[in-house]
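Shown next: protein_30.cif, given as mmCIF, C-alpha atoms.
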```cif
data_data
#
loop_
_atom_site.group_PDB
_atom_site.id
_atom_site.type_symbol
_atom_site.label_atom_id
_atom_site.label_comp_id
_atom_site.auth_asym_id
_atom_site.auth_seq_id
_atom_site.Cartn_x
_atom_site.Cartn_y
_atom_site.Cartn_z
ATOM 1 C CA MET C 1109 -23.343 25.450 -6.948
ATOM 2 C CA THR C 1110 -19.638 25.906 -6.272
ATOM 3 C CA GLN C 1111 -16.500 24.797 -8.093
ATOM 4 C CA THR C 1112 -14.086 22.029 -7.146
ATOM 5 C CA ARG C 1113 -10.976 20.448 -8.642
ATOM 6 C CA GLN C 1114 -10.365 16.929 -9.922
ATOM 7 C CA ILE C 1115 -7.352 15.036 -11.272
ATOM 8 C CA HIS C 1116 -8.225 13.384 -14.602
ATOM 9 C CA LEU C 1117 -6.426 10.796 -16.683
ATOM 10 C CA VAL C 1118 -6.341 12.321 -20.171
ATOM 11 C CA ARG C 1119 -4.296 9.672 -22.022
ATOM 12 C CA ARG C 1120 -3.075 6.135 -21.413
ATOM 13 C CA PRO C 1121 0.539 6.009 -20.202
ATOM 14 C CA ASN C 1122 3.162 4.507 -22.465
ATOM 15 C CA GLY C 1123 5.330 2.772 -19.877
ATOM 16 C CA LYS C 1124 5.958 4.872 -16.788
ATOM 17 C CA PRO C 1125 3.342 7.627 -16.314
ATOM 18 C CA VAL C 1126 4.371 11.218 -17.016
ATOM 19 C CA ALA C 1127 2.790 14.507 -16.006
ATOM 20 C CA ALA C 1128 1.187 15.018 -19.434
ATOM 21 C CA ASP C 1129 -0.965 11.899 -18.883
ATOM 22 C CA PHE C 1130 -2.952 13.835 -16.267
ATOM 23 C CA ALA C 1131 -4.839 17.106 -16.008
ATOM 24 C CA LEU C 1132 -6.097 19.291 -13.177
ATOM 25 C CA VAL C 1133 -9.720 20.084 -14.040
ATOM 26 C CA GLU C 1134 -12.156 22.504 -12.411
ATOM 27 C CA VAL C 1135 -15.784 21.339 -12.329
ATOM 28 C CA PRO C 1136 -18.998 22.342 -10.519
ATOM 29 C CA VAL C 1137 -20.078 20.463 -7.395
ATOM 30 C CA ALA C 1138 -23.680 20.383 -6.176
ATOM 31 C CA ASP C 1139 -24.971 20.766 -2.641
ATOM 32 C CA ALA C 1140 -25.996 17.575 -0.885
ATOM 33 C CA GLY C 1141 -29.486 16.477 -1.874
ATOM 34 C CA GLU C 1142 -31.920 14.333 0.051
ATOM 35 C CA GLY C 1143 -30.096 11.247 1.383
ATOM 36 C CA GLU C 1144 -26.728 12.636 0.326
ATOM 37 C CA ILE C 1145 -23.568 14.031 1.884
ATOM 38 C CA GLN C 1146 -20.969 16.443 0.585
ATOM 39 C CA VAL C 1147 -17.406 15.511 1.524
ATOM 40 C CA SER C 1148 -14.263 17.624 1.493
ATOM 41 C CA ALA C 1149 -11.024 15.693 0.998
ATOM 42 C CA LEU C 1150 -8.300 15.870 3.650
ATOM 43 C CA ILE C 1151 -5.761 13.211 2.644
ATOM 44 C CA MET C 1152 -5.472 11.084 -0.494
ATOM 45 C CA SER C 1153 -3.548 7.867 -0.894
ATOM 46 C CA VAL C 1154 -1.220 7.141 -3.823
ATOM 47 C CA ASP C 1155 -0.494 3.437 -4.366
ATOM 48 C CA PRO C 1156 1.308 1.186 -6.877
ATOM 49 C CA TYR C 1157 -1.931 -0.687 -7.692
ATOM 50 C CA MET C 1158 -3.180 2.480 -9.376
ATOM 51 C CA ARG C 1159 -0.714 2.065 -12.264
ATOM 52 C CA PRO C 1160 -2.207 -1.089 -13.893
ATOM 53 C CA ARG C 1161 -5.668 0.444 -13.662
ATOM 54 C CA LEU C 1162 -4.559 3.332 -15.878
ATOM 55 C CA ASP C 1163 -4.358 0.864 -18.782
ATOM 56 C CA ALA C 1164 -7.947 -0.369 -18.553
ATOM 57 C CA ASP C 1165 -10.173 0.224 -15.494
ATOM 58 C CA GLN C 1166 -9.525 3.959 -15.299
ATOM 59 C CA ALA C 1167 -11.782 5.939 -17.615
ATOM 60 C CA LEU C 1168 -10.257 8.760 -19.617
ATOM 61 C CA ASP C 1169 -11.293 12.335 -18.797
ATOM 62 C CA ALA C 1170 -12.646 11.190 -15.444
ATOM 63 C CA PRO C 1171 -11.393 11.516 -11.852
ATOM 64 C CA LEU C 1172 -8.359 9.375 -11.073
ATOM 65 C CA LEU C 1173 -9.386 6.288 -9.114
ATOM 66 C CA GLY C 1174 -8.187 6.228 -5.515
ATOM 67 C CA GLY C 1175 -9.086 6.412 -1.860
ATOM 68 C CA GLY C 1176 -8.719 8.859 0.965
ATOM 69 C CA VAL C 1177 -10.023 10.403 4.154
ATOM 70 C CA GLY C 1178 -12.378 13.363 4.122
ATOM 71 C CA ARG C 1179 -14.744 15.372 6.299
ATOM 72 C CA VAL C 1180 -18.507 15.619 5.855
ATOM 73 C CA VAL C 1181 -19.306 19.310 5.272
ATOM 74 C CA GLN C 1182 -22.993 18.887 4.381
ATOM 75 C CA SER C 1183 -25.330 16.060 5.346
ATOM 76 C CA ARG C 1184 -28.874 15.165 4.420
ATOM 77 C CA ASN C 1185 -28.223 11.495 5.180
ATOM 78 C CA PRO C 1186 -29.147 10.230 8.693
ATOM 79 C CA LYS C 1187 -26.097 7.922 8.793
ATOM 80 C CA PHE C 1188 -23.699 10.879 8.745
ATOM 81 C CA LYS C 1189 -23.442 14.211 10.465
ATOM 82 C CA GLU C 1190 -21.498 17.303 9.524
ATOM 83 C CA GLY C 1191 -17.941 17.083 10.829
ATOM 84 C CA ASP C 1192 -17.716 13.288 10.591
ATOM 85 C CA LEU C 1193 -14.421 11.898 9.340
ATOM 86 C CA VAL C 1194 -14.974 9.331 6.592
ATOM 87 C CA ARG C 1195 -12.989 6.936 4.431
ATOM 88 C CA HIS C 1196 -13.907 6.920 0.772
ATOM 89 C CA GLY C 1197 -12.958 5.520 -2.601
ATOM 90 C CA ALA C 1198 -14.403 8.430 -4.570
ATOM 91 C CA GLY C 1199 -11.196 9.194 -6.426
ATOM 92 C CA PHE C 1200 -9.137 12.336 -6.736
ATOM 93 C CA ARG C 1201 -11.816 14.967 -6.162
ATOM 94 C CA GLU C 1202 -11.357 17.817 -3.687
ATOM 95 C CA THR C 1203 -15.079 17.902 -2.919
ATOM 96 C CA PHE C 1204 -17.751 15.404 -3.916
ATOM 97 C CA VAL C 1205 -21.352 14.436 -3.263
ATOM 98 C CA SER C 1206 -22.275 10.867 -2.326
ATOM 99 C CA ASP C 1207 -25.343 8.884 -1.348
ATOM 100 C CA GLY C 1208 -23.163 7.210 1.283
ATOM 101 C CA LYS C 1209 -22.328 4.057 -0.649
ATOM 102 C CA GLY C 1210 -18.608 3.337 -0.520
ATOM 103 C CA VAL C 1211 -18.177 5.848 2.309
ATOM 104 C CA SER C 1212 -17.675 4.777 5.922
ATOM 105 C CA ARG C 1213 -17.318 6.722 9.147
ATOM 106 C CA LEU C 1214 -13.831 6.690 10.586
ATOM 107 C CA GLN C 1215 -13.559 6.041 14.314
ATOM 108 C CA ARG C 1216 -10.220 7.694 14.995
ATOM 109 C CA ASP C 1217 -8.086 6.947 18.049
ATOM 110 C CA PRO C 1218 -7.263 10.407 19.467
ATOM 111 C CA ASP C 1219 -3.725 9.288 20.338
ATOM 112 C CA LEU C 1220 -2.840 8.508 16.723
ATOM 113 C CA PRO C 1221 -2.338 10.865 13.760
ATOM 114 C CA LEU C 1222 -5.000 10.829 11.081
ATOM 115 C CA SER C 1223 -2.436 9.884 8.438
ATOM 116 C CA VAL C 1224 -1.924 6.372 9.867
ATOM 117 C CA TYR C 1225 -5.465 5.519 8.753
ATOM 118 C CA MET C 1226 -4.127 5.835 5.205
ATOM 119 C CA HIS C 1227 -1.442 3.178 5.703
ATOM 120 C CA ALA C 1228 -0.728 1.133 8.841
ATOM 121 C CA LEU C 1229 -4.376 1.316 9.981
ATOM 122 C CA GLY C 1230 -5.735 1.433 6.460
ATOM 123 C CA GLY C 1231 -5.671 -0.579 3.268
ATOM 124 C CA THR C 1232 -1.927 -1.138 3.180
ATOM 125 C CA GLY C 1233 -1.930 -2.297 6.796
ATOM 126 C CA ILE C 1234 -4.646 -4.902 6.413
ATOM 127 C CA THR C 1235 -3.059 -6.005 3.129
ATOM 128 C CA ALA C 1236 0.158 -6.777 5.012
ATOM 129 C CA TYR C 1237 -1.681 -8.295 7.988
ATOM 130 C CA GLY C 1238 -3.971 -10.607 6.030
ATOM 131 C CA GLY C 1239 -1.447 -11.380 3.320
ATOM 132 C CA LEU C 1240 1.176 -12.479 5.809
ATOM 133 C CA LEU C 1241 -0.929 -14.144 8.505
ATOM 134 C CA GLU C 1242 -3.746 -15.702 6.440
ATOM 135 C CA THR C 1243 -2.550 -16.127 2.846
ATOM 136 C CA GLY C 1244 1.044 -16.682 3.952
ATOM 137 C CA ALA C 1245 -0.053 -18.750 6.983
ATOM 138 C CA LEU C 1246 2.909 -17.385 8.958
ATOM 139 C CA LYS C 1247 4.008 -19.392 11.990
ATOM 140 C CA ASP C 1248 5.965 -17.929 14.883
ATOM 141 C CA GLY C 1249 9.715 -18.181 14.447
ATOM 142 C CA GLU C 1250 9.776 -18.837 10.694
ATOM 143 C CA GLN C 1251 12.258 -17.578 8.096
ATOM 144 C CA VAL C 1252 10.787 -14.648 6.154
ATOM 145 C CA PHE C 1253 11.824 -12.559 3.143
ATOM 146 C CA ILE C 1254 10.018 -9.304 2.277
ATOM 147 C CA SER C 1255 10.654 -7.445 -0.981
ATOM 148 C CA THR C 1256 10.315 -3.646 -0.993
ATOM 149 C CA ALA C 1257 10.532 -3.904 2.769
ATOM 150 C CA ALA C 1258 10.687 -0.118 3.219
ATOM 151 C CA GLY C 1259 7.425 0.425 1.335
ATOM 152 C CA ALA C 1260 4.026 1.031 2.871
ATOM 153 C CA VAL C 1261 2.933 -2.630 2.754
ATOM 154 C CA GLY C 1262 6.347 -4.264 2.992
ATOM 155 C CA SER C 1263 7.415 -2.372 6.097
ATOM 156 C CA VAL C 1264 4.272 -3.400 7.973
ATOM 157 C CA ALA C 1265 4.603 -7.029 6.870
ATOM 158 C CA ALA C 1266 8.250 -7.078 7.956
ATOM 159 C CA GLN C 1267 7.433 -5.706 11.388
ATOM 160 C CA ILE C 1268 4.525 -8.083 11.942
ATOM 161 C CA ALA C 1269 6.906 -10.941 11.152
ATOM 162 C CA LYS C 1270 9.374 -9.581 13.718
ATOM 163 C CA ILE C 1271 6.583 -9.289 16.302
ATOM 164 C CA LYS C 1272 5.863 -12.978 15.627
ATOM 165 C CA GLY C 1273 9.475 -13.865 16.471
ATOM 166 C CA CYS C 1274 10.582 -14.546 12.904
ATOM 167 C CA TYR C 1275 13.962 -14.129 11.255
ATOM 168 C CA VAL C 1276 13.306 -11.417 8.668
ATOM 169 C CA VAL C 1277 15.269 -10.358 5.601
ATOM 170 C CA GLY C 1278 14.177 -7.329 3.610
ATOM 171 C CA SER C 1279 15.145 -5.829 0.268
ATOM 172 C CA THR C 1280 15.083 -2.172 -0.707
ATOM 173 C CA GLY C 1281 16.618 0.119 -3.297
ATOM 174 C CA SER C 1282 18.585 2.749 -1.377
ATOM 175 C CA ASP C 1283 21.144 2.957 1.414
ATOM 176 C CA ASP C 1284 18.935 5.345 3.410
ATOM 177 C CA LYS C 1285 16.019 2.931 3.320
ATOM 178 C CA ALA C 1286 18.313 0.021 4.155
ATOM 179 C CA ALA C 1287 19.659 1.911 7.187
ATOM 180 C CA TRP C 1288 16.110 2.602 8.425
ATOM 181 C CA LEU C 1289 15.200 -1.075 8.113
ATOM 182 C CA ARG C 1290 18.309 -2.156 9.997
ATOM 183 C CA ASP C 1291 18.553 0.542 12.662
ATOM 184 C CA GLU C 1292 14.932 1.538 13.301
ATOM 185 C CA VAL C 1293 12.868 -1.486 12.297
ATOM 186 C CA GLY C 1294 15.444 -4.053 13.399
ATOM 187 C CA LEU C 1295 15.418 -6.491 10.505
ATOM 188 C CA ASP C 1296 17.925 -9.327 10.745
ATOM 189 C CA ALA C 1297 19.389 -8.638 7.280
ATOM 190 C CA VAL C 1298 18.775 -6.010 4.605
ATOM 191 C CA ILE C 1299 19.699 -6.171 0.902
ATOM 192 C CA ASN C 1300 20.107 -3.129 -1.328
ATOM 193 C CA TYR C 1301 19.196 -4.779 -4.613
ATOM 194 C CA LYS C 1302 20.589 -1.833 -6.608
ATOM 195 C CA THR C 1303 24.121 -2.175 -5.229
ATOM 196 C CA GLN C 1304 24.309 -5.891 -4.370
ATOM 197 C CA ASP C 1305 23.969 -9.068 -6.395
ATOM 198 C CA LEU C 1306 20.430 -9.956 -5.287
ATOM 199 C CA ALA C 1307 20.585 -13.744 -5.667
ATOM 200 C CA ARG C 1308 23.965 -14.022 -3.941
ATOM 201 C CA ALA C 1309 23.033 -11.625 -1.149
ATOM 202 C CA LEU C 1310 19.741 -13.420 -0.510
ATOM 203 C CA LYS C 1311 21.494 -16.796 -0.364
ATOM 204 C CA ASP C 1312 24.004 -15.407 2.166
ATOM 205 C CA ALA C 1313 21.248 -13.790 4.239
ATOM 206 C CA THR C 1314 19.032 -16.914 4.438
ATOM 207 C CA PRO C 1315 21.211 -19.805 5.682
ATOM 208 C CA GLN C 1316 18.064 -21.587 6.914
ATOM 209 C CA GLY C 1317 16.126 -20.935 3.726
ATOM 210 C CA ILE C 1318 12.814 -19.085 3.427
ATOM 211 C CA ASP C 1319 9.460 -20.284 4.766
ATOM 212 C CA VAL C 1320 7.451 -17.244 3.641
ATOM 213 C CA TYR C 1321 8.358 -14.839 0.842
ATOM 214 C CA PHE C 1322 6.053 -11.796 0.849
ATOM 215 C CA GLU C 1323 6.129 -10.862 -2.833
ATOM 216 C CA ASN C 1324 5.828 -7.239 -3.932
ATOM 217 C CA VAL C 1325 8.159 -7.083 -6.933
ATOM 218 C CA GLY C 1326 8.300 -10.140 -9.207
ATOM 219 C CA GLY C 1327 11.039 -10.577 -11.790
ATOM 220 C CA ALA C 1328 14.553 -10.935 -10.375
ATOM 221 C CA HIS C 1329 13.266 -10.895 -6.791
ATOM 222 C CA LEU C 1330 10.984 -13.858 -7.373
ATOM 223 C CA ASP C 1331 13.722 -15.641 -9.317
ATOM 224 C CA ALA C 1332 16.166 -15.173 -6.430
ATOM 225 C CA ALA C 1333 13.671 -16.270 -3.771
ATOM 226 C CA LEU C 1334 12.371 -19.459 -5.402
ATOM 227 C CA PRO C 1335 15.559 -21.574 -4.974
ATOM 228 C CA ARG C 1336 15.781 -20.461 -1.324
ATOM 229 C CA MET C 1337 12.252 -21.580 -0.426
ATOM 230 C CA ASN C 1338 11.951 -24.367 2.119
ATOM 231 C CA VAL C 1339 9.733 -27.383 1.499
ATOM 232 C CA ARG C 1340 6.074 -26.344 1.771
ATOM 233 C CA GLY C 1341 7.050 -22.693 1.772
ATOM 234 C CA ARG C 1342 4.443 -20.066 0.947
ATOM 235 C CA ILE C 1343 4.639 -17.059 -1.385
ATOM 236 C CA PRO C 1344 1.757 -14.637 -0.775
ATOM 237 C CA VAL C 1345 1.729 -12.385 -3.849
ATOM 238 C CA CYS C 1346 0.806 -8.827 -2.938
ATOM 239 C CA GLY C 1347 2.179 -7.138 -6.057
ATOM 240 C CA MET C 1348 4.660 -7.295 -8.915
ATOM 241 C CA ILE C 1349 5.696 -3.690 -9.302
ATOM 242 C CA SER C 1350 8.569 -4.535 -11.653
ATOM 243 C CA THR C 1351 6.008 -5.310 -14.380
ATOM 244 C CA TYR C 1352 3.514 -2.463 -13.942
ATOM 245 C CA ASN C 1353 5.022 -0.130 -16.532
ATOM 246 C CA GLY C 1354 5.416 -2.870 -19.138
ATOM 247 C CA GLY C 1355 8.317 -5.201 -19.855
ATOM 248 C CA GLY C 1356 9.826 -6.731 -16.737
ATOM 249 C CA GLU C 1357 12.307 -9.514 -16.086
ATOM 250 C CA GLY C 1358 11.706 -13.148 -16.848
ATOM 251 C CA VAL C 1359 11.536 -15.775 -14.105
ATOM 252 C CA GLN C 1360 13.610 -18.925 -14.646
ATOM 253 C CA ASN C 1361 13.148 -20.819 -11.375
ATOM 254 C CA LEU C 1362 9.429 -21.585 -11.284
ATOM 255 C CA PHE C 1363 10.250 -25.303 -11.349
ATOM 256 C CA SER C 1364 11.209 -24.877 -7.680
ATOM 257 C CA LEU C 1365 7.476 -24.790 -6.940
ATOM 258 C CA ILE C 1366 7.163 -28.463 -7.876
ATOM 259 C CA TYR C 1367 9.666 -30.330 -5.746
ATOM 260 C CA GLY C 1368 9.500 -27.764 -2.965
ATOM 261 C CA ARG C 1369 5.689 -28.204 -2.776
ATOM 262 C CA ILE C 1370 5.595 -24.417 -2.597
ATOM 263 C CA ARG C 1371 2.260 -22.609 -2.561
ATOM 264 C CA MET C 1372 2.096 -19.278 -4.406
ATOM 265 C CA GLU C 1373 -1.161 -17.354 -4.043
ATOM 266 C CA GLY C 1374 -2.311 -13.855 -4.884
ATOM 267 C CA PHE C 1375 -4.638 -11.771 -2.739
ATOM 268 C CA VAL C 1376 -6.209 -8.327 -2.399
ATOM 269 C CA ALA C 1377 -7.128 -6.301 0.685
ATOM 270 C CA SER C 1378 -10.861 -6.956 0.340
ATOM 271 C CA ASP C 1379 -10.207 -10.664 0.980
ATOM 272 C CA PHE C 1380 -9.660 -9.863 4.643
ATOM 273 C CA ALA C 1381 -12.833 -8.054 5.743
ATOM 274 C CA HIS C 1382 -13.446 -10.839 8.265
ATOM 275 C CA LEU C 1383 -10.121 -9.972 9.941
ATOM 276 C CA ASN C 1384 -10.869 -6.267 10.335
ATOM 277 C CA ALA C 1385 -11.743 -6.228 14.051
ATOM 278 C CA ALA C 1386 -8.649 -8.229 15.006
ATOM 279 C CA PHE C 1387 -6.509 -6.134 12.670
ATOM 280 C CA VAL C 1388 -7.672 -2.808 14.113
ATOM 281 C CA ALA C 1389 -7.138 -4.007 17.690
ATOM 282 C CA ASP C 1390 -3.689 -5.459 16.997
ATOM 283 C CA MET C 1391 -2.438 -2.614 14.828
ATOM 284 C CA THR C 1392 -3.661 0.083 17.206
ATOM 285 C CA ASP C 1393 -1.800 -1.599 20.073
ATOM 286 C CA TRP C 1394 1.357 -2.090 17.989
ATOM 287 C CA LEU C 1395 1.384 1.537 16.843
ATOM 288 C CA LYS C 1396 0.777 2.971 20.295
ATOM 289 C CA SER C 1397 3.422 0.727 21.853
ATOM 290 C CA GLY C 1398 5.985 1.613 19.178
ATOM 291 C CA GLN C 1399 6.249 -1.962 17.882
ATOM 292 C CA ILE C 1400 5.184 -0.763 14.444
ATOM 293 C CA LYS C 1401 7.181 2.147 13.024
ATOM 294 C CA TYR C 1402 6.421 3.890 9.778
ATOM 295 C CA GLN C 1403 7.616 6.472 7.308
ATOM 296 C CA GLU C 1404 5.507 8.856 5.268
ATOM 297 C CA THR C 1405 6.252 10.890 2.171
ATOM 298 C CA VAL C 1406 3.689 13.695 2.179
ATOM 299 C CA LEU C 1407 3.192 16.050 -0.764
ATOM 300 C CA ASP C 1408 1.259 19.211 0.112
ATOM 301 C CA GLY C 1409 -1.363 20.231 -2.401
ATOM 302 C CA PHE C 1410 -4.125 18.407 -4.253
ATOM 303 C CA GLU C 1411 -2.563 19.257 -7.606
ATOM 304 C CA ARG C 1412 0.534 17.198 -6.741
ATOM 305 C CA ALA C 1413 -1.253 13.828 -6.979
ATOM 306 C CA PRO C 1414 0.241 12.939 -10.399
ATOM 307 C CA GLU C 1415 3.686 13.826 -9.063
ATOM 308 C CA GLY C 1416 3.111 11.405 -6.193
ATOM 309 C CA LEU C 1417 2.020 8.558 -8.458
ATOM 310 C CA ILE C 1418 4.948 9.075 -10.837
ATOM 311 C CA GLY C 1419 7.296 9.264 -7.851
ATOM 312 C CA LEU C 1420 6.337 5.761 -6.711
ATOM 313 C CA PHE C 1421 8.073 4.354 -9.783
ATOM 314 C CA GLU C 1422 11.156 6.515 -9.298
ATOM 315 C CA GLY C 1423 11.783 5.514 -5.671
ATOM 316 C CA ALA C 1424 10.817 8.994 -4.483
ATOM 317 C CA ASN C 1425 8.876 7.735 -1.474
ATOM 318 C CA SER C 1426 9.998 6.452 1.881
ATOM 319 C CA GLY C 1427 7.075 4.462 3.242
ATOM 320 C CA LYS C 1428 3.597 5.631 2.356
ATOM 321 C CA MET C 1429 3.042 8.266 -0.348
ATOM 322 C CA LEU C 1430 0.285 10.675 0.673
ATOM 323 C CA ILE C 1431 -1.249 13.832 -0.749
ATOM 324 C CA HIS C 1432 -2.164 16.354 1.985
ATOM 325 C CA ILE C 1433 -5.083 18.546 0.983
ATOM 326 C CA ALA C 1434 -6.455 20.067 4.189
ATOM 327 C CA ASP C 1435 -6.425 19.645 7.983
#
```

Could you render the structure from this file as structure tokens?
Amino acid sequence: MTQTRQIHLVRRPNGKPVAADFALVEVPVADAGEGEIQVSALIMSVDPYMRPRLDADQALDAPLLGGGVGRVVQSRNPKFKEGDLVRHGAGFRETFVSDGKGVSRLQRDPDLPLSVYMHALGGTGITAYGGLLETGALKDGEQVFISTAAGAVGSVAAQIAKIKGCYVVGSTGSDDKAAWLRDEVGLDAVINYKTQDLARALKDATPQGIDVYFENVGGAHLDAALPRMNVRGRIPVCGMISTYNGGGEGVQNLFSLIYGRIRMEGFVASDFAHLNAAFVADMTDWLKSGQIKYQETVLDGFERAPEGLIGLFEGANSGKMLIHIAD
């Protein structure tokens, strides 16, 4: 039996997480038994949804919940062979043993980097795809607003809307991210909500109103978007990151839902399993043709996972936050 490392939550965060909420723990790991596989982690994903789980779903003194890509290093399970790349939701563990449940083989396109299967071709990608096209019922040529448009989900949603011929406005929190959205992604208008009056800037940027607001933030963003929504507009709610560390801004304009006949609906990635084949085909083509661009913030070293999670709430990431463990 050998040793491996895990990231544990050792206390509940009070507001924004800090390094002392986590611990790097060394534990034994068994060899694969009958029907089992042993997996070595390659890349781990750090995502905003992890923060609310720290308050309840995440057990203390246990591996931090999360997903990643790994390689099978031992197999006594006929569904897997040694060397297979796999997706998993086994949490922040460098090496782990599994009976195969919750682990799936990854069929990688050799012309694409492995990291894209952690964002554009992974959970964040299908979240954007299904949230925009199914929950948001996007029609070609509509008026679209995306909050946190430089983030892992927002940037994909914004680019899908552009591919569909829409007029797209995005918000972000830095000049560098705004420049990337304008110059590289090609959005029609970009708002830096930290340096501009959000409500005024959004009104100026949406002279034809908003048909679909892809919601990632809540608070002031939602309050600014509601009066701009067109009749029978849709607000697919992917996240509300402004509230995840407690507090948050109030929303005054919810009455707009009534007379605007606006539909506001939450969703999660697992709602869209039935879209997976179409998503993989479309996203692979868009990535290989350059229609979908992306940014990655990659921290080298398993032990840096808490730093990555904390960094999400400090604006430290451009695009997807990833933890690189091994090649």

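Taking CA of Val1137 (chain C) and CA of Val1181 (chain C) as the two end points, the separation is 12.7 Å.
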
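Residue neighbourhood of Leu1132 (chain C), excluding near-sequence residues (fewer than 5 positions): Arg1113, Gln1114, Ile1115, His1116 and Glu1411 of chain C, at 9 Å, using only C-alpha atoms.
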
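Excluding Lys1396 (chain C) itself and any same-chain residue fewer than 6 positions from it, the protein and nucleic acid residues within 12 Å of it, counting all atoms listed in the file, are Asp1217, Pro1218, Asp1219, Leu1220, Pro1221, Val1224, Ala1228, Leu1229, Val1388, Ala1389, Asp1390 and Tyr1402 of chain C.
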
Write a file of the selected residues as a PDB file, in the frame of the given file, keeping C-alpha atoms.
```pdb
ATOM      1  CA  ASP C1217      -8.086   6.947  18.049  1.00  0.00           C
ATOM      2  CA  PRO C1218      -7.263  10.407  19.467  1.00  0.00           C
ATOM      3  CA  ASP C1219      -3.725   9.288  20.338  1.00  0.00           C
ATOM      4  CA  LEU C1220      -2.840   8.508  16.723  1.00  0.00           C
ATOM      5  CA  PRO C1221      -2.338  10.865  13.760  1.00  0.00           C
ATOM      6  CA  VAL C1224      -1.924   6.372   9.867  1.00  0.00           C
ATOM      7  CA  ALA C1228      -0.728   1.133   8.841  1.00  0.00           C
ATOM      8  CA  LEU C1229      -4.376   1.316   9.981  1.00  0.00           C
ATOM      9  CA  VAL C1388      -7.672  -2.808  14.113  1.00  0.00           C
ATOM     10  CA  ALA C1389      -7.138  -4.007  17.690  1.00  0.00           C
ATOM     11  CA  ASP C1390      -3.689  -5.459  16.997  1.00  0.00           C
ATOM     12  CA  TYR C1402       6.421   3.890   9.778  1.00  0.00           C
TER      13      TYR C1402
END
```

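Residue nearest Tyr1352 (chain C) within the list C:Met1158, C:Ala1381, C:Ile1234, C:Ile1151: C:Met1158 [criterion: smallest interatomic distance, only C-alpha atoms].
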
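Distances here use all atoms listed in the file; by that measure, the residue among C:Gly1273, C:Pro1344, C:Pro1121, C:Gly1356 closest to Arg1371 (chain C) is C:Pro1344.
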
Grab all the atoms of region 1189-1193 of chain C that the file lists, wrap them in a box along x, y and z, add 6 Å per side, and give me centre plus edge lengths in Å (one decimal) as AutoDock Vina command-line options.
```
--center_x -18.9 --center_y 14.6 --center_z 10.1 --size_x 21.0 --size_y 17.4 --size_z 13.5
```

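Near Ile1366 (chain C), within 12 Å and counting all atoms listed in the file, sit Leu1334, Pro1335, Met1337, Asn1338, Val1339, Arg1340, Gly1341, Asn1361, Arg1371 and Met1372 of chain C, not including residues fewer than 5 positions from it in the same chain.
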
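Residue nearest Thr1232 (chain C) within the list C:Arg1195, C:Lys1428, C:Arg1336, C:Arg1179: C:Lys1428 [criterion: smallest interatomic distance, all atoms listed in the file].
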
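For the pair CA of Gly1409 (chain C) and CA of Gly1175 (chain C), the interatomic distance is 15.8 Å.
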
Evaluate the PyMOL selection byres ((chain C and resi 1417) around 10) against this structure - the residues, as an mmCIF file with C-alpha atoms, in the frame of the given file, please.
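Below is the file expr-v1.cif, written as the result:
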```cif
data_model
loop_
_atom_site.group_PDB
_atom_site.id
_atom_site.type_symbol
_atom_site.label_atom_id
_atom_site.label_comp_id
_atom_site.auth_asym_id
_atom_site.auth_seq_id
_atom_site.Cartn_x
_atom_site.Cartn_y
_atom_site.Cartn_z
ATOM 1 C CA LYS C 1124 5.958 4.872 -16.788
ATOM 2 C CA PRO C 1125 3.342 7.627 -16.314
ATOM 3 C CA VAL C 1126 4.371 11.218 -17.016
ATOM 4 C CA ALA C 1127 2.790 14.507 -16.006
ATOM 5 C CA SER C 1153 -3.548 7.867 -0.894
ATOM 6 C CA VAL C 1154 -1.220 7.141 -3.823
ATOM 7 C CA ASP C 1155 -0.494 3.437 -4.366
ATOM 8 C CA PRO C 1156 1.308 1.186 -6.877
ATOM 9 C CA MET C 1158 -3.180 2.480 -9.376
ATOM 10 C CA ARG C 1159 -0.714 2.065 -12.264
ATOM 11 C CA ARG C 1412 0.534 17.198 -6.741
ATOM 12 C CA ALA C 1413 -1.253 13.828 -6.979
ATOM 13 C CA PRO C 1414 0.241 12.939 -10.399
ATOM 14 C CA GLU C 1415 3.686 13.826 -9.063
ATOM 15 C CA GLY C 1416 3.111 11.405 -6.193
ATOM 16 C CA ILE C 1418 4.948 9.075 -10.837
ATOM 17 C CA GLY C 1419 7.296 9.264 -7.851
ATOM 18 C CA LEU C 1420 6.337 5.761 -6.711
ATOM 19 C CA PHE C 1421 8.073 4.354 -9.783
ATOM 20 C CA GLU C 1422 11.156 6.515 -9.298
ATOM 21 C CA ALA C 1424 10.817 8.994 -4.483
ATOM 22 C CA ASN C 1425 8.876 7.735 -1.474
ATOM 23 C CA MET C 1429 3.042 8.266 -0.348
ATOM 24 C CA LEU C 1430 0.285 10.675 0.673
ATOM 25 C CA ILE C 1431 -1.249 13.832 -0.749
#
```

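Interatomic distance, CA of Ala1149 (chain C) against CA of Arg1216 (chain C): 16.1 Å.
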
Neighbour residues at most 12 Å from (19.6, 0.5, 4.4) (all atoms listed in the file) as a ChimeraX atom specification: /C:1256-1258,1277-1304,1426

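The smallest atom-to-atom distance between Leu1383 (chain C) and any of C:Ala1236, C:Ile1318, C:Leu1330, C:Met1109, using all atoms listed in the file, is found for C:Ala1236.
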
Do you know which residues the PyMOL selection byres ((chain C and resi 1247) around 12) returns on this file, as a list in words? Leu1240, Leu1241, Glu1242, Thr1243, Gly1244, Ala1245, Leu1246, Asp1248, Gly1249, Glu1250, Gln1251, Val1252, Ile1268, Ala1269, Lys1270, Ile1271, Lys1272, Gly1273, Cys1274, Tyr1275, Asp1319, Val1320, Gly1341 and Arg1342 of chain C

Could you give me, as a list in words, the residues within 9 Å of Leu1172 (chain C), counting all atoms listed in the file and dropping anything in the same chain fewer than 4 positions from it? Gln1114, Ile1115, His1116, Leu1117, Phe1130, Met1158, Leu1162, Gln1166, Ala1167, Leu1168, Ala1198, Gly1199, Phe1200 and Arg1201 of chain C
